[in-house]
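Coordinates as given in target-v1.cif (mmCIF, C-alpha atoms and all ligand atoms):
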```cif
data_input
loop_
_atom_site.group_PDB
_atom_site.id
_atom_site.type_symbol
_atom_site.label_atom_id
_atom_site.label_comp_id
_atom_site.auth_asym_id
_atom_site.auth_seq_id
_atom_site.Cartn_x
_atom_site.Cartn_y
_atom_site.Cartn_z
ATOM 1 C CA MET A 1 98.072 8.278 -139.148
ATOM 2 C CA ASN A 2 96.002 5.105 -139.176
ATOM 3 C CA GLN A 3 92.331 6.106 -138.780
ATOM 4 C CA LEU A 4 91.743 3.328 -136.273
ATOM 5 C CA GLU A 5 94.367 4.818 -133.956
ATOM 6 C CA ASN A 6 92.470 8.062 -133.968
ATOM 7 C CA ARG A 7 89.049 6.955 -132.715
ATOM 8 C CA PRO A 8 87.982 8.880 -129.615
ATOM 9 C CA LEU A 9 86.093 6.015 -127.909
ATOM 10 C CA ASP A 10 88.463 3.126 -128.646
ATOM 11 C CA GLY A 11 88.027 0.228 -126.242
ATOM 12 C CA GLN A 12 85.139 1.786 -124.317
ATOM 13 C CA ILE A 13 82.135 -0.275 -123.242
ATOM 14 C CA ALA A 14 78.891 1.555 -124.034
ATOM 15 C CA VAL A 15 75.210 0.784 -123.471
ATOM 16 C CA VAL A 16 72.454 2.399 -125.551
ATOM 17 C CA THR A 17 68.926 1.793 -124.281
ATOM 18 C CA GLY A 18 66.296 1.682 -127.020
ATOM 19 C CA GLY A 19 69.031 1.224 -129.618
ATOM 20 C CA ALA A 20 67.027 -1.068 -131.924
ATOM 21 C CA GLN A 21 65.706 1.782 -134.078
ATOM 22 C CA GLY A 22 65.434 5.531 -134.584
ATOM 23 C CA LEU A 23 67.743 7.825 -132.652
ATOM 24 C CA GLY A 24 69.134 5.003 -130.494
ATOM 25 C CA LEU A 25 70.231 3.075 -133.567
ATOM 26 C CA GLY A 26 71.910 6.202 -134.967
ATOM 27 C CA ILE A 27 73.687 6.742 -131.640
ATOM 28 C CA THR A 28 74.771 3.083 -131.559
ATOM 29 C CA ARG A 29 76.294 3.334 -135.024
ATOM 30 C CA GLN A 30 78.102 6.588 -134.176
ATOM 31 C CA LEU A 31 79.590 5.368 -130.869
ATOM 32 C CA ALA A 32 80.660 2.077 -132.474
ATOM 33 C CA SER A 33 82.240 3.968 -135.415
ATOM 34 C CA ASP A 34 84.119 6.016 -132.820
ATOM 35 C CA GLY A 35 85.600 2.789 -131.458
ATOM 36 C CA ALA A 36 83.234 1.789 -128.635
ATOM 37 C CA SER A 37 81.971 -1.721 -128.072
ATOM 38 C CA VAL A 38 78.215 -1.075 -127.890
ATOM 39 C CA VAL A 39 75.459 -3.091 -126.226
ATOM 40 C CA ILE A 40 71.948 -2.312 -127.477
ATOM 41 C CA ALA A 41 69.520 -2.820 -124.574
ATOM 42 C CA ASP A 42 66.004 -2.841 -125.982
ATOM 43 C CA ARG A 43 62.715 -4.558 -125.286
ATOM 44 C CA GLN A 44 62.384 -5.382 -129.017
ATOM 45 C CA GLU A 45 64.752 -8.321 -128.850
ATOM 46 C CA ASP A 46 64.515 -9.566 -132.459
ATOM 47 C CA LYS A 47 64.866 -6.138 -134.012
ATOM 48 C CA ALA A 48 67.796 -5.279 -131.734
ATOM 49 C CA ARG A 49 69.575 -8.501 -132.756
ATOM 50 C CA GLU A 50 68.918 -7.899 -136.456
ATOM 51 C CA GLU A 51 70.293 -4.358 -136.310
ATOM 52 C CA ALA A 52 73.291 -5.462 -134.243
ATOM 53 C CA ALA A 53 74.056 -8.153 -136.845
ATOM 54 C CA LYS A 54 73.899 -5.549 -139.649
ATOM 55 C CA LEU A 55 76.324 -3.279 -137.812
ATOM 56 C CA GLN A 56 78.650 -6.230 -137.110
ATOM 57 C CA GLY A 57 78.587 -6.813 -140.883
ATOM 58 C CA GLU A 58 79.991 -3.290 -141.271
ATOM 59 C CA GLY A 59 82.881 -4.231 -138.966
ATOM 60 C CA LEU A 60 81.483 -2.531 -135.865
ATOM 61 C CA THR A 61 81.419 -4.095 -132.384
ATOM 62 C CA VAL A 62 77.739 -4.171 -131.424
ATOM 63 C CA ARG A 63 75.605 -6.751 -129.658
ATOM 64 C CA ALA A 64 72.017 -6.830 -128.446
ATOM 65 C CA VAL A 65 70.465 -7.752 -125.108
ATOM 66 C CA ALA A 66 66.742 -7.865 -124.313
ATOM 67 C CA LEU A 67 65.862 -5.401 -121.560
ATOM 68 C CA ASP A 68 62.702 -3.656 -120.423
ATOM 69 C CA ILE A 69 63.940 -0.565 -118.586
ATOM 70 C CA THR A 70 60.697 -0.310 -116.594
ATOM 71 C CA ASP A 71 61.641 -3.519 -114.743
ATOM 72 C CA SER A 72 63.815 -2.339 -111.849
ATOM 73 C CA ALA A 73 65.202 -5.781 -110.954
ATOM 74 C CA ALA A 74 65.939 -6.614 -114.599
ATOM 75 C CA VAL A 75 67.839 -3.337 -115.015
ATOM 76 C CA THR A 76 69.950 -4.018 -111.924
ATOM 77 C CA SER A 77 70.814 -7.552 -113.006
ATOM 78 C CA PHE A 78 71.496 -6.517 -116.616
ATOM 79 C CA PHE A 79 74.182 -4.065 -115.485
ATOM 80 C CA ALA A 80 75.565 -6.494 -112.865
ATOM 81 C CA GLU A 81 75.976 -9.168 -115.563
ATOM 82 C CA LEU A 82 77.518 -6.679 -117.976
ATOM 83 C CA VAL A 83 80.115 -5.534 -115.460
ATOM 84 C CA ALA A 84 80.872 -9.150 -114.545
ATOM 85 C CA GLU A 85 81.609 -9.868 -118.240
ATOM 86 C CA GLU A 86 83.303 -6.647 -119.300
ATOM 87 C CA GLU A 87 84.717 -5.520 -115.938
ATOM 88 C CA ARG A 88 83.472 -1.967 -116.528
ATOM 89 C CA VAL A 89 80.854 0.255 -118.137
ATOM 90 C CA ASP A 90 82.264 3.451 -119.619
ATOM 91 C CA ILE A 91 79.235 4.997 -121.320
ATOM 92 C CA LEU A 92 75.473 4.849 -120.793
ATOM 93 C CA ILE A 93 73.058 6.505 -123.211
ATOM 94 C CA ASN A 94 69.565 6.640 -121.721
ATOM 95 C CA ASN A 95 67.680 6.896 -124.992
ATOM 96 C CA ALA A 96 64.653 4.603 -124.598
ATOM 97 C CA GLY A 97 61.471 6.594 -124.203
ATOM 98 C CA THR A 98 57.914 6.581 -125.379
ATOM 99 C CA GLY A 99 55.587 9.203 -126.802
ATOM 100 C CA GLN A 100 52.173 9.991 -125.430
ATOM 101 C CA GLN A 101 48.736 9.542 -126.972
ATOM 102 C CA VAL A 102 47.870 13.141 -127.822
ATOM 103 C CA ALA A 103 45.317 14.457 -125.288
ATOM 104 C CA PRO A 104 44.723 17.602 -123.245
ATOM 105 C CA ILE A 105 45.499 17.306 -119.522
ATOM 106 C CA VAL A 106 41.795 17.445 -118.692
ATOM 107 C CA GLU A 107 41.300 14.219 -120.666
ATOM 108 C CA LEU A 108 44.562 12.459 -119.849
ATOM 109 C CA GLU A 109 43.912 8.983 -118.416
ATOM 110 C CA ASP A 110 45.774 7.684 -115.332
ATOM 111 C CA ALA A 111 47.048 4.667 -117.268
ATOM 112 C CA GLU A 112 48.542 6.793 -120.058
ATOM 113 C CA TRP A 113 50.211 9.142 -117.551
ATOM 114 C CA HIS A 114 51.822 6.184 -115.748
ATOM 115 C CA ARG A 115 52.824 4.379 -118.967
ATOM 116 C CA VAL A 116 54.712 7.424 -120.241
ATOM 117 C CA MET A 117 56.315 8.210 -116.863
ATOM 118 C CA ASP A 118 57.372 4.591 -116.327
ATOM 119 C CA VAL A 119 59.273 4.324 -119.606
ATOM 120 C CA THR A 120 60.436 7.867 -120.205
ATOM 121 C CA LEU A 121 61.448 8.951 -116.691
ATOM 122 C CA THR A 122 61.435 6.069 -114.197
ATOM 123 C CA GLY A 123 63.224 3.691 -116.584
ATOM 124 C CA ALA A 124 65.992 6.238 -117.087
ATOM 125 C CA PHE A 125 66.244 6.634 -113.298
ATOM 126 C CA TYR A 126 66.650 2.846 -112.850
ATOM 127 C CA CYS A 127 69.442 2.812 -115.453
ATOM 128 C CA CYS A 128 71.156 5.905 -113.993
ATOM 129 C CA ARG A 129 71.038 4.407 -110.503
ATOM 130 C CA ALA A 130 72.466 1.034 -111.547
ATOM 131 C CA VAL A 131 75.216 2.533 -113.699
ATOM 132 C CA GLY A 132 75.875 5.361 -111.245
ATOM 133 C CA ARG A 133 76.876 2.755 -108.635
ATOM 134 C CA ILE A 134 79.248 1.071 -111.088
ATOM 135 C CA MET A 135 80.785 4.327 -112.326
ATOM 136 C CA GLU A 136 81.172 5.628 -108.780
ATOM 137 C CA GLU A 137 83.090 2.453 -107.921
ATOM 138 C CA GLN A 138 85.322 2.640 -111.027
ATOM 139 C CA GLU A 139 85.694 6.438 -110.578
ATOM 140 C CA ALA A 140 85.142 7.082 -114.282
ATOM 141 C CA GLY A 141 82.342 7.094 -116.800
ATOM 142 C CA CYS A 142 79.959 9.158 -118.828
ATOM 143 C CA ILE A 143 76.166 9.227 -118.999
ATOM 144 C CA VAL A 144 74.092 11.022 -121.626
ATOM 145 C CA ASN A 145 70.346 11.213 -121.060
ATOM 146 C CA ILE A 146 68.093 11.898 -124.042
ATOM 147 C CA SER A 147 65.528 14.534 -123.103
ATOM 148 C CA SER A 148 63.695 16.635 -125.733
ATOM 149 C CA ILE A 149 63.018 20.244 -126.643
ATOM 150 C CA ASN A 150 59.647 19.459 -124.994
ATOM 151 C CA GLY A 151 61.545 19.086 -121.706
ATOM 152 C CA GLN A 152 62.600 22.738 -121.971
ATOM 153 C CA ASN A 153 59.522 24.206 -123.663
ATOM 154 C CA PRO A 154 56.329 22.162 -123.329
ATOM 155 C CA ALA A 155 54.094 21.464 -126.326
ATOM 156 C CA ALA A 156 50.319 21.310 -125.859
ATOM 157 C CA LEU A 157 48.589 17.905 -125.625
ATOM 158 C CA VAL A 158 51.549 15.807 -124.451
ATOM 159 C CA ALA A 159 51.848 16.839 -120.781
ATOM 160 C CA ALA A 160 53.073 13.488 -119.454
ATOM 161 C CA TYR A 161 55.826 13.420 -122.065
ATOM 162 C CA ASN A 162 56.836 17.064 -121.447
ATOM 163 C CA ILE A 163 56.999 16.477 -117.701
ATOM 164 C CA ALA A 164 58.950 13.221 -118.051
ATOM 165 C CA LYS A 165 61.477 14.989 -120.289
ATOM 166 C CA ALA A 166 61.746 17.969 -117.905
ATOM 167 C CA GLY A 167 62.367 15.361 -115.206
ATOM 168 C CA ILE A 168 65.191 13.893 -117.302
ATOM 169 C CA ILE A 169 66.918 17.289 -117.258
ATOM 170 C CA SER A 170 66.647 17.498 -113.468
ATOM 171 C CA LEU A 171 67.790 13.868 -113.088
ATOM 172 C CA THR A 172 70.800 14.714 -115.261
ATOM 173 C CA ARG A 173 71.790 17.815 -113.338
ATOM 174 C CA THR A 174 71.289 16.177 -109.938
ATOM 175 C CA LEU A 175 73.319 13.099 -110.868
ATOM 176 C CA ALA A 176 76.041 15.291 -112.392
ATOM 177 C CA LEU A 177 76.481 16.978 -109.001
ATOM 178 C CA GLU A 178 76.413 13.697 -107.077
ATOM 179 C CA LEU A 179 78.946 11.931 -109.312
ATOM 180 C CA ALA A 180 81.294 14.834 -110.025
ATOM 181 C CA ALA A 181 83.622 13.943 -107.139
ATOM 182 C CA TYR A 182 84.080 10.520 -108.746
ATOM 183 C CA GLY A 183 85.039 11.966 -112.137
ATOM 184 C CA VAL A 184 81.808 10.759 -113.737
ATOM 185 C CA ARG A 185 80.169 13.151 -116.209
ATOM 186 C CA VAL A 186 76.407 13.325 -116.785
ATOM 187 C CA ASN A 187 74.833 15.428 -119.534
ATOM 188 C CA ALA A 188 71.564 15.651 -121.439
ATOM 189 C CA VAL A 189 70.754 16.112 -125.112
ATOM 190 C CA CYS A 190 67.454 17.711 -126.178
ATOM 191 C CA PRO A 191 66.685 16.618 -129.730
ATOM 192 C CA GLY A 192 64.360 18.518 -132.015
ATOM 193 C CA PRO A 193 62.086 16.736 -134.515
ATOM 194 C CA VAL A 194 63.468 13.664 -136.288
ATOM 195 C CA TYR A 195 61.041 11.621 -138.406
ATOM 196 C CA THR A 196 61.343 8.298 -136.561
ATOM 197 C CA GLU A 197 58.518 5.838 -135.826
ATOM 198 C CA PHE A 198 57.901 7.751 -132.597
ATOM 199 C CA ASN A 199 57.455 11.048 -134.410
ATOM 200 C CA GLN A 200 55.360 9.557 -137.230
ATOM 201 C CA ARG A 201 52.858 8.368 -134.615
ATOM 202 C CA ASN A 202 52.862 11.758 -132.911
ATOM 203 C CA MET A 203 52.446 13.736 -136.154
ATOM 204 C CA ALA A 204 49.602 11.489 -137.306
ATOM 205 C CA GLN A 205 47.664 12.227 -134.090
ATOM 206 C CA ARG A 206 48.581 15.889 -133.763
ATOM 207 C CA ARG A 207 47.485 16.833 -137.289
ATOM 208 C CA VAL A 208 43.970 15.594 -136.490
ATOM 209 C CA THR A 209 43.701 18.092 -133.604
ATOM 210 C CA LEU A 210 44.712 20.873 -136.015
ATOM 211 C CA GLY A 211 42.543 19.670 -138.916
ATOM 212 C CA ILE A 212 45.432 19.467 -141.428
ATOM 213 C CA SER A 213 46.974 16.673 -143.529
ATOM 214 C CA GLU A 214 50.094 14.776 -142.439
ATOM 215 C CA GLU A 215 52.071 16.398 -145.280
ATOM 216 C CA GLU A 216 50.979 19.864 -144.137
ATOM 217 C CA MET A 217 51.937 18.972 -140.567
ATOM 218 C CA ILE A 218 55.403 17.816 -141.651
ATOM 219 C CA GLU A 219 55.885 21.001 -143.678
ATOM 220 C CA ARG A 220 54.602 23.206 -140.846
ATOM 221 C CA ILE A 221 57.195 21.697 -138.503
ATOM 222 C CA ARG A 222 59.936 22.013 -141.111
ATOM 223 C CA THR A 223 59.308 25.723 -141.648
ATOM 224 C CA ALA A 224 59.330 26.280 -137.861
ATOM 225 C CA ILE A 225 62.882 24.882 -137.660
ATOM 226 C CA PRO A 226 65.318 27.808 -138.093
ATOM 227 C CA LEU A 227 67.784 25.692 -140.088
ATOM 228 C CA GLY A 228 64.909 24.721 -142.408
ATOM 229 C CA ARG A 229 65.041 20.924 -142.276
ATOM 230 C CA TRP A 230 63.998 18.032 -140.058
ATOM 231 C CA GLY A 231 66.803 16.374 -138.101
ATOM 232 C CA GLU A 232 68.396 13.031 -138.944
ATOM 233 C CA PRO A 233 69.429 10.432 -136.342
ATOM 234 C CA GLU A 234 73.076 11.253 -137.236
ATOM 235 C CA ASP A 235 72.576 14.881 -136.156
ATOM 236 C CA ILE A 236 71.580 13.775 -132.671
ATOM 237 C CA ALA A 237 74.193 11.000 -132.582
ATOM 238 C CA GLN A 238 77.017 13.435 -133.261
ATOM 239 C CA GLY A 239 75.957 15.655 -130.349
ATOM 240 C CA VAL A 240 75.835 12.607 -128.087
ATOM 241 C CA ALA A 241 79.212 11.325 -129.299
ATOM 242 C CA PHE A 242 80.802 14.720 -128.636
ATOM 243 C CA LEU A 243 79.575 14.645 -125.017
ATOM 244 C CA CYS A 244 81.072 11.137 -124.630
ATOM 245 C CA SER A 245 84.413 12.113 -126.137
ATOM 246 C CA PRO A 246 87.573 13.370 -124.405
ATOM 247 C CA ALA A 247 86.852 16.757 -126.070
ATOM 248 C CA ALA A 248 83.999 17.145 -123.544
ATOM 249 C CA SER A 249 86.046 16.148 -120.499
ATOM 250 C CA TRP A 250 85.241 19.404 -118.624
ATOM 251 C CA ILE A 251 81.516 19.361 -119.453
ATOM 252 C CA THR A 252 79.046 17.975 -116.942
ATOM 253 C CA GLY A 253 75.471 18.838 -115.891
ATOM 254 C CA GLU A 254 75.003 20.435 -119.313
ATOM 255 C CA VAL A 255 71.903 20.361 -121.506
ATOM 256 C CA LEU A 256 72.715 20.400 -125.230
ATOM 257 C CA ARG A 257 69.887 21.256 -127.613
ATOM 258 C CA VAL A 258 70.341 19.621 -131.039
ATOM 259 C CA SER A 259 67.342 20.903 -132.936
ATOM 260 C CA GLY A 260 68.267 23.034 -135.945
ATOM 261 C CA GLY A 261 67.624 26.002 -133.670
ATOM 262 C CA MET A 262 64.061 25.033 -132.755
ATOM 263 C CA GLU A 263 63.233 25.842 -129.124
ATOM 264 C CA GLY A 264 59.859 24.123 -128.878
ATOM 265 C CA VAL A 265 56.779 22.978 -130.767
ATOM 266 C CA SER A 266 54.159 25.699 -130.562
ATOM 267 C CA ALA A 267 50.783 24.558 -131.773
ATOM 268 C CA THR A 268 47.931 25.782 -129.626
ATOM 269 C CA PRO A 269 44.913 23.569 -130.276
ATOM 270 C CA PRO A 270 41.547 25.204 -130.898
ATOM 271 C CA LYS A 271 38.589 24.774 -128.508
ATOM 272 C CA ARG A 272 37.258 21.228 -128.497
ATOM 273 C CA PRO A 273 33.619 20.787 -129.494
ATOM 274 C CA ARG A 274 31.343 20.353 -126.421
ATOM 275 C CA GLN A 275 30.119 16.770 -125.927
HETATM 276 N N1 LIG A 301 62.203 11.451 -132.759
HETATM 277 C C1 LIG A 301 62.152 12.658 -132.261
HETATM 278 O O1 LIG A 301 61.774 13.616 -132.944
HETATM 279 C C2 LIG A 301 62.563 12.911 -130.839
HETATM 280 C C3 LIG A 301 62.656 14.241 -130.415
HETATM 281 C C4 LIG A 301 63.036 14.502 -129.092
HETATM 282 C C5 LIG A 301 63.331 13.447 -128.248
HETATM 283 N N2 LIG A 301 63.237 12.165 -128.688
HETATM 284 C C6 LIG A 301 63.556 11.100 -127.742
HETATM 285 O O2 LIG A 301 64.578 10.299 -128.289
HETATM 286 C C7 LIG A 301 64.455 8.958 -127.825
HETATM 287 C C8 LIG A 301 64.391 8.012 -129.012
HETATM 288 O O3 LIG A 301 63.301 8.400 -129.819
HETATM 289 P P1 LIG A 301 62.962 7.711 -131.224
HETATM 290 O O4 LIG A 301 62.285 8.754 -132.010
HETATM 291 O O5 LIG A 301 64.145 7.013 -131.750
HETATM 292 O O6 LIG A 301 61.851 6.645 -130.726
HETATM 293 P P2 LIG A 301 61.406 5.206 -131.309
HETATM 294 O O7 LIG A 301 60.039 4.970 -130.746
HETATM 295 O O8 LIG A 301 61.576 5.161 -132.777
HETATM 296 O O9 LIG A 301 62.445 4.199 -130.623
HETATM 297 C C9 LIG A 301 62.431 3.996 -129.243
HETATM 298 C C10 LIG A 301 63.168 2.704 -128.916
HETATM 299 O O10 LIG A 301 63.090 2.522 -127.481
HETATM 300 C C11 LIG A 301 62.704 1.182 -127.217
HETATM 301 N N3 LIG A 301 61.972 1.123 -125.948
HETATM 302 C C12 LIG A 301 60.764 1.674 -125.685
HETATM 303 N N4 LIG A 301 60.392 1.350 -124.440
HETATM 304 C C13 LIG A 301 61.373 0.574 -123.913
HETATM 305 C C14 LIG A 301 61.547 -0.086 -122.666
HETATM 306 N N5 LIG A 301 60.607 -0.040 -121.709
HETATM 307 N N6 LIG A 301 62.683 -0.787 -122.454
HETATM 308 C C15 LIG A 301 63.623 -0.867 -123.425
HETATM 309 N N7 LIG A 301 63.503 -0.288 -124.625
HETATM 310 C C16 LIG A 301 62.389 0.428 -124.870
HETATM 311 C C17 LIG A 301 61.822 0.791 -128.400
HETATM 312 O O11 LIG A 301 61.721 -0.625 -128.523
HETATM 313 C C18 LIG A 301 62.541 1.469 -129.564
HETATM 314 O O12 LIG A 301 63.546 0.633 -130.096
HETATM 315 C C19 LIG A 301 63.203 8.938 -126.945
HETATM 316 O O13 LIG A 301 63.577 9.103 -125.599
HETATM 317 C C20 LIG A 301 62.430 10.132 -127.447
HETATM 318 O O14 LIG A 301 61.556 10.633 -126.476
HETATM 319 C C21 LIG A 301 62.858 11.875 -129.964
#
```
Go ahead and express the file in the form of structure tokens.
Amino acid sequence: MNQLENRPLDGQIAVVTGGAQGLGLGITRQLASDGASVVIADRQEDKAREEAAKLQGEGLTVRAVALDITDSAAVTSFFAELVAEEERVDILINNAGTGQQVAPIVELEDAEWHRVMDVTLTGAFYCCRAVGRIMEEQEAGCIVNISSINGQNPAALVAAYNIAKAGIISLTRTLALELAAYGVRVNAVCPGPVYTEFNQRNMAQRRVTLGISEEEMIERIRTAIPLGRWGEPEDIAQGVAFLCSPAASWITGEVLRVSGGMEGVSATPPKRPRQ
């Protein structure tokens, strides 16, 4: 059989927020390889366009649109314009998120708390709300929200991030219930460690609190992963693509951990020196 006839997402219109790099880029490539027409919605406009052009060069249908998911009005008009052009939205992957400056709760600044919540939780809510309305109307669709193993098992020193990701799980399960009658499925994926720009920043800060080198930190994480290796964007992308595929048509409100078996990052920091 012709391979092209066999692609599970043929003809579907998909949006991947934060698709310009890292996990979002891996997810974009996977969904497009599975036949979807993918729109990368990212605040890094130039990078998103460059990556979209590269994927087009590989014969995939990908384009880029500038979007800051923390801007409620911009999110609403982005999806309104998309549905006006494409007539539907079949898949939304809420992937954009931001890490937190490593700090104990007792030293966590208001501004950092709000910055992380705005991108990692509220932005996903804006996108879910806008697309939920469209999918409810078309009585079909699939949403996958990217949480984290931190959303299930919190790691020390990144409370705002843990809480935002726990919120993503609750958002997912609530929306799954509300949209089930319309045939819309909503699931979450909890990735384990993948060495993206996001994780490089986090590792660089976290190792300082533990007094070890970056290499030691990377190795410490690796040995804590039951399958014995860091994840790759493709590992996460394949979990996401499965949830979007017809093979998952009776799965909703589910939380899929894709982490090499890792349940959480356990590194208890020592006492901080008194000022
Ligand atoms: N890398 C990991 O180990 C890991 C583990 C668990 C969960 N996650 C989650 O996976 C997702 C992707 O992580 P990553 O490692 O690829 O991160 P990354 O920082 O490498 O990429 C994030 C992308 O999101 C975009 N983005 C950030 N804020 C945005 C906004 N306001 N509007 C639109 N786009 C925005 C960025 O421009 C970037 O392209 C995040 O939600 C992250 O929390 C990552």
Rank A:Cys128, A:Leu108, A:Val258, A:Ile168 by their smallest atom-to-atom distance to Val75 (chain A), using all atoms listed in the file, and report the top residue only. A:Cys128
Close residues, Pro269 (chain A) itself excluded, 9 Å, only C-alpha atoms, min 4 positions apart in chain, as an MDAnalysis selection string: chainID A and resid 156:157 209:210
Test item: residues no farther than 7 Å from ligand LIG 301 (chain A), counting only C-alpha atoms and all ligand atoms, as an NGL selection string: :A and (17-24 or 41-44 or 67-70 or 95-99 or 119-120 or 123 or 146-149 or 190-199)
Can you translate the PyMOL selection byres (((chain A and resi 261-267) around 7) and not hetatm) into the concrete residues it hits in this file, as a PyMOL selection string? chain A and resi 149-150+153-156+192+225-227+259-260+268-269
Expected selection from the PyMOL selection byres (((chain A and resi 132) around 12) and not hetatm), given as number ranges by chain: A: 76, 79-80, 88-92, 124-131, 133-144, 171-172, 174-180, 182-186
Considering all atoms listed in the file, state which residue in the set A:Ala248, A:Leu256, A:Ile13, A:Val240 is at the smallest distance from Gly26 (chain A). A:Val240
Rank nothing, just name the residue among A:Ile105, A:Ala159, A:Val255, A:Leu243 nearest to Leu31 (chain A), using all atoms listed in the file.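 Answer, going by the shortest atom-to-atom distance: A:Leu243.
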